[in-house]
$ cat structure.txt   # compact mmCIF, C-alpha atoms
# COMPACT_ATOMS: atom_id res chain seq x y z
CA MET A 1 -65.17 20.25 -22.77
CA MET A 2 -62.65 17.48 -22.10
CA THR A 3 -62.09 14.93 -24.85
CA GLU A 4 -62.04 11.23 -24.08
CA GLN A 5 -58.28 11.08 -24.62
CA GLU A 6 -57.65 13.97 -22.21
CA PHE A 7 -59.90 12.34 -19.64
CA HIS A 8 -57.89 9.11 -19.74
CA VAL A 9 -54.55 10.93 -19.58
CA ASP A 10 -55.64 13.04 -16.63
CA ASN A 11 -57.13 10.12 -14.70
CA THR A 12 -54.47 7.49 -15.33
CA ILE A 13 -53.37 5.82 -12.15
CA ARG A 14 -49.59 5.81 -12.10
CA LEU A 15 -48.64 3.01 -9.73
CA ALA A 16 -44.97 3.98 -9.52
CA GLU A 17 -45.81 7.55 -8.57
CA ARG A 18 -48.26 6.26 -5.98
CA MET A 19 -45.65 3.82 -4.67
CA VAL A 20 -43.11 6.64 -4.17
CA ARG A 21 -45.70 8.47 -2.11
CA SER A 22 -46.63 5.39 -0.04
CA GLU A 23 -45.06 3.57 2.87
CA SER A 24 -43.80 0.82 0.56
CA PHE A 25 -41.27 3.34 -0.78
CA ASN A 26 -39.50 3.06 2.58
CA HIS A 27 -38.73 -0.59 1.82
CA LEU A 28 -37.19 0.29 -1.54
CA TYR A 29 -35.28 3.18 0.01
CA ASP A 30 -33.97 0.96 2.83
CA GLU A 31 -33.02 -1.77 0.36
CA GLY A 32 -31.10 0.72 -1.78
CA MET A 33 -29.26 2.36 1.09
CA SER A 34 -28.46 -1.01 2.68
CA LEU A 35 -27.00 -2.24 -0.60
CA VAL A 36 -24.84 0.90 -0.84
CA GLU A 37 -23.55 0.22 2.67
CA GLU A 38 -23.02 -3.49 2.04
CA ALA A 39 -21.10 -2.82 -1.18
CA ALA A 40 -18.88 -0.21 0.46
CA PHE A 41 -18.17 -2.52 3.40
CA TYR A 42 -17.38 -5.42 1.05
CA LEU A 43 -15.13 -3.38 -1.26
CA ASP A 44 -13.18 -1.93 1.66
CA GLY A 45 -12.78 -5.25 3.46
CA GLU A 46 -13.34 -8.75 2.18
CA GLY A 47 -13.41 -7.62 -1.46
CA ARG A 48 -10.04 -5.93 -1.21
CA GLU A 49 -8.50 -9.14 0.15
CA GLU A 50 -10.19 -11.33 -2.46
CA ALA A 51 -9.08 -9.01 -5.28
CA LYS A 52 -5.43 -9.57 -4.31
CA ARG A 53 -5.79 -13.27 -5.12
CA LEU A 54 -7.17 -12.72 -8.66
CA SER A 55 -5.23 -13.11 -11.89
CA ARG A 56 -4.17 -9.90 -13.59
CA ILE A 57 -7.05 -10.09 -16.10
CA ALA A 58 -9.63 -10.83 -13.40
CA ALA A 59 -8.21 -8.11 -11.15
CA THR A 60 -8.54 -5.57 -13.97
CA LEU A 61 -12.11 -6.69 -14.59
CA TYR A 62 -12.84 -6.54 -10.85
CA ALA A 63 -11.49 -2.98 -10.64
CA ALA A 64 -13.53 -1.83 -13.63
CA GLU A 65 -16.64 -3.58 -12.35
CA SER A 66 -16.14 -2.04 -8.90
CA MET A 67 -16.21 1.42 -10.48
CA ARG A 68 -19.40 0.51 -12.36
CA LEU A 69 -20.97 -0.89 -9.20
CA THR A 70 -20.09 2.19 -7.18
CA THR A 71 -21.40 4.50 -9.90
CA ARG A 72 -24.60 2.50 -10.28
CA LEU A 73 -25.31 2.49 -6.55
CA MET A 74 -24.54 6.20 -6.12
CA GLN A 75 -26.91 7.06 -8.96
CA VAL A 76 -29.67 4.87 -7.52
CA ALA A 77 -29.09 6.37 -4.07
CA SER A 78 -29.31 9.87 -5.54
CA TRP A 79 -32.62 9.02 -7.19
CA LEU A 80 -33.98 7.55 -3.97
CA LEU A 81 -32.90 10.60 -1.98
CA LEU A 82 -34.57 12.91 -4.50
CA GLN A 83 -37.83 10.98 -4.25
CA ARG A 84 -37.66 11.09 -0.47
CA ALA A 85 -37.01 14.84 -0.52
CA SER A 86 -39.93 15.33 -2.91
CA ARG A 87 -42.16 13.13 -0.80
CA SER A 88 -41.37 15.04 2.39
CA GLY A 89 -41.85 18.41 0.71
CA GLU A 90 -38.19 19.41 1.05
CA MET A 91 -37.97 19.94 -2.72
CA THR A 92 -40.43 21.17 -5.33
CA LEU A 93 -41.13 19.23 -8.51
CA GLU A 94 -39.03 21.73 -10.45
CA GLN A 95 -36.08 21.21 -8.08
CA VAL A 96 -36.41 17.44 -8.27
CA LEU A 97 -36.55 17.51 -12.06
CA SER A 98 -33.51 19.77 -12.21
CA GLU A 99 -31.46 17.49 -9.97
CA LYS A 100 -32.87 14.31 -11.49
CA ALA A 101 -31.52 15.39 -14.88
CA LYS A 102 -28.04 14.73 -13.44
CA VAL A 103 -28.91 11.17 -12.35
CA ARG A 104 -28.07 8.34 -14.74
CA LEU A 105 -29.81 5.02 -14.27
CA ASP A 106 -28.10 3.14 -17.08
CA THR A 107 -24.80 1.88 -15.69
CA ASP A 108 -24.38 -1.58 -17.16
CA SER A 109 -22.17 -4.38 -16.02
CA ALA A 110 -19.60 -6.30 -18.03
CA PRO A 111 -21.08 -9.43 -19.62
CA GLU A 112 -20.43 -12.53 -17.59
CA THR A 113 -18.85 -14.11 -20.66
CA VAL A 114 -15.86 -11.73 -20.40
CA VAL A 115 -12.54 -13.41 -19.68
CA GLY A 116 -11.84 -13.38 -15.96
CA TRP A 117 -15.47 -13.12 -14.84
CA ASP A 118 -15.42 -16.76 -13.73
CA GLU A 119 -12.71 -15.85 -11.17
CA ILE A 120 -14.73 -13.04 -9.58
CA PRO A 121 -15.88 -14.03 -6.05
CA LEU A 122 -19.50 -15.17 -5.81
CA SER A 123 -20.26 -12.79 -2.94
CA TYR A 124 -19.20 -9.88 -5.15
CA CYS A 125 -21.23 -11.22 -8.10
CA ASP A 126 -24.26 -11.35 -5.81
CA ILE A 127 -23.87 -7.66 -4.93
CA VAL A 128 -23.49 -6.77 -8.63
CA HIS A 129 -26.62 -8.74 -9.59
CA ARG A 130 -28.68 -7.21 -6.79
CA SER A 131 -27.51 -3.72 -7.77
CA LEU A 132 -28.55 -4.35 -11.39
CA ARG A 133 -31.99 -5.57 -10.30
CA LEU A 134 -32.42 -2.56 -8.02
CA GLN A 135 -31.33 -0.18 -10.79
CA ALA A 136 -33.81 -1.81 -13.19
CA ARG A 137 -36.67 -1.37 -10.70
CA VAL A 138 -35.74 2.25 -10.05
CA ARG A 139 -35.35 2.96 -13.78
CA GLN A 140 -38.78 1.44 -14.46
CA MET A 141 -40.33 3.61 -11.76
CA ASP A 142 -38.48 6.66 -13.05
CA ASP A 143 -39.75 6.05 -16.59
CA GLU A 144 -43.30 5.62 -15.39
CA ILE A 145 -43.25 8.70 -13.16
CA TYR A 146 -41.30 11.14 -15.29
CA ASN A 147 -41.54 9.93 -18.89
CA GLU A 148 -44.17 7.52 -20.19
CA GLY A 149 -46.64 7.99 -17.36
CA ALA A 150 -45.95 11.64 -16.72
CA GLY A 151 -48.82 14.08 -16.70
CA VAL A 152 -49.08 17.03 -19.05
CA GLU A 153 -47.48 19.45 -16.56
CA GLN A 154 -44.54 17.11 -15.85
CA LYS A 155 -43.96 16.58 -19.58
CA ARG A 156 -43.94 20.35 -20.07
CA LEU A 157 -41.35 20.71 -17.30
CA LEU A 158 -39.22 17.93 -18.75
CA SER A 159 -39.25 19.56 -22.17
CA THR A 160 -36.11 21.68 -22.21
CA ASN A 161 -35.41 22.15 -25.91
CA PRO A 162 -38.36 22.98 -28.21
CA VAL A 163 -36.29 22.44 -31.37
CA SER A 164 -35.17 19.01 -30.22
CA ASP A 165 -38.73 18.17 -29.21
CA GLN A 166 -39.98 19.16 -32.66
CA LEU A 167 -37.30 17.09 -34.39
CA SER A 168 -38.28 14.10 -32.25
CA LEU A 169 -41.93 14.55 -33.23
CA LEU A 170 -40.98 14.73 -36.91
CA ALA A 171 -38.78 11.65 -36.65
CA THR A 172 -41.61 9.75 -34.95
CA ALA A 173 -44.13 10.87 -37.57
CA PHE A 174 -41.96 9.81 -40.49
CA SER A 175 -40.83 6.53 -38.94
CA HIS A 176 -44.37 5.12 -39.23
CA ARG A 177 -44.39 5.31 -43.03

$ encode --input "structure.txt" --output "structure tokens"
Amino acid sequence: MMTEQEFHVDNTIRLAERMVRSESFNHLYDEGMSLVEEAAFYLDGEGREEAKRLSRIAATLYAAESMRLTTRLMQVASWLLLQRASRSGEMTLEQVLSEKAKVRLDTDSAPETVVGWDEIPLSYCDIVHRSLRLQARVRQMDDEIYNEGAGVEQKRLLSTNPVSDQLSLLATAFSHR
């Protein structure tokens, strides 16, 4: 007999998971890949020329931020490609989870209060802001699909270290006292 809690867990509608399986995922995928292309085009062309006109401090910030931007976009693109491969049946859930473990969706940007940020070209700032918003959307979907909203089987597959899992449970139990 299924308890009420199990019933709710098993019948929870996970909108992010549904979205990845729907046509609207194509829009997110296209947006992500277009932003990767746009950033690469900018950094290799107009951005390279604009960077030459920056002060030494701003140029250093621009170089560091360019690495963060590139990393962020490559990680988002990797996640999107994994979801597309899963959706099309090219990869099993186990394969996706294995590869997804290598994807990091937490590449931050330097605070805009950092010295030199006010010299950074607005067109570049726009790309950075859009990449951060895209990463936040993807991270939210990832959390809903694979962590918080994951089903029992997915949580079992994500659990890789029983000792660590047990320590986490103990820490959670004792933190409520």

$ closest_residue --input "structure.txt" --among "A:Ala64, A:Leu80, A:Val115, A:Ala39" --to "Val128 in chain A" --atoms "only C-alpha atoms"
A:Ala39

$ atom_distance --input "structure.txt" --atom1 "CA of Arg137 in chain A" --atom2 "CA of Gly32 in chain A"
10.7 Å

$ closest_residue --input "structure.txt" --among "A:Val103, A:Leu35, A:Leu132, A:Ala63" --to "Gly47 in chain A" --atoms "all atoms listed in the file"
A:Ala63

$ closest_residue --input "structure.txt" --among "A:Tyr29, A:Tyr146, A:Ala77, A:Ala136" --to "Leu93 in chain A" --atoms "only C-alpha atoms"
A:Tyr146

$ atom_distance --input "structure.txt" --atom1 "CA of Ser24 in chain A" --atom2 "CA of Ser78 in chain A"
18.1 Å

$ residues_around --input "structure.txt" --residues "Ser123 in chain A" --least-positions-apart "3" --cutoff "12 Å" --atoms "all atoms listed in the file" --output "list in words"
Glu38, Ala39, Tyr42, Leu43, Glu46, Gly47, Glu50, Glu119, Ile120, Asp126, Ile127, Val128, His129 and Arg130 of chain A

$ residues_around --input "structure.txt" --residues "Thr60 in chain A" --least-positions-apart "3" --cutoff "12 Å" --atoms "all atoms listed in the file" --output "VMD selection string"
chain A and resid 51 to 52 54 to 57 63 to 67 110 114 to 117 119 to 120
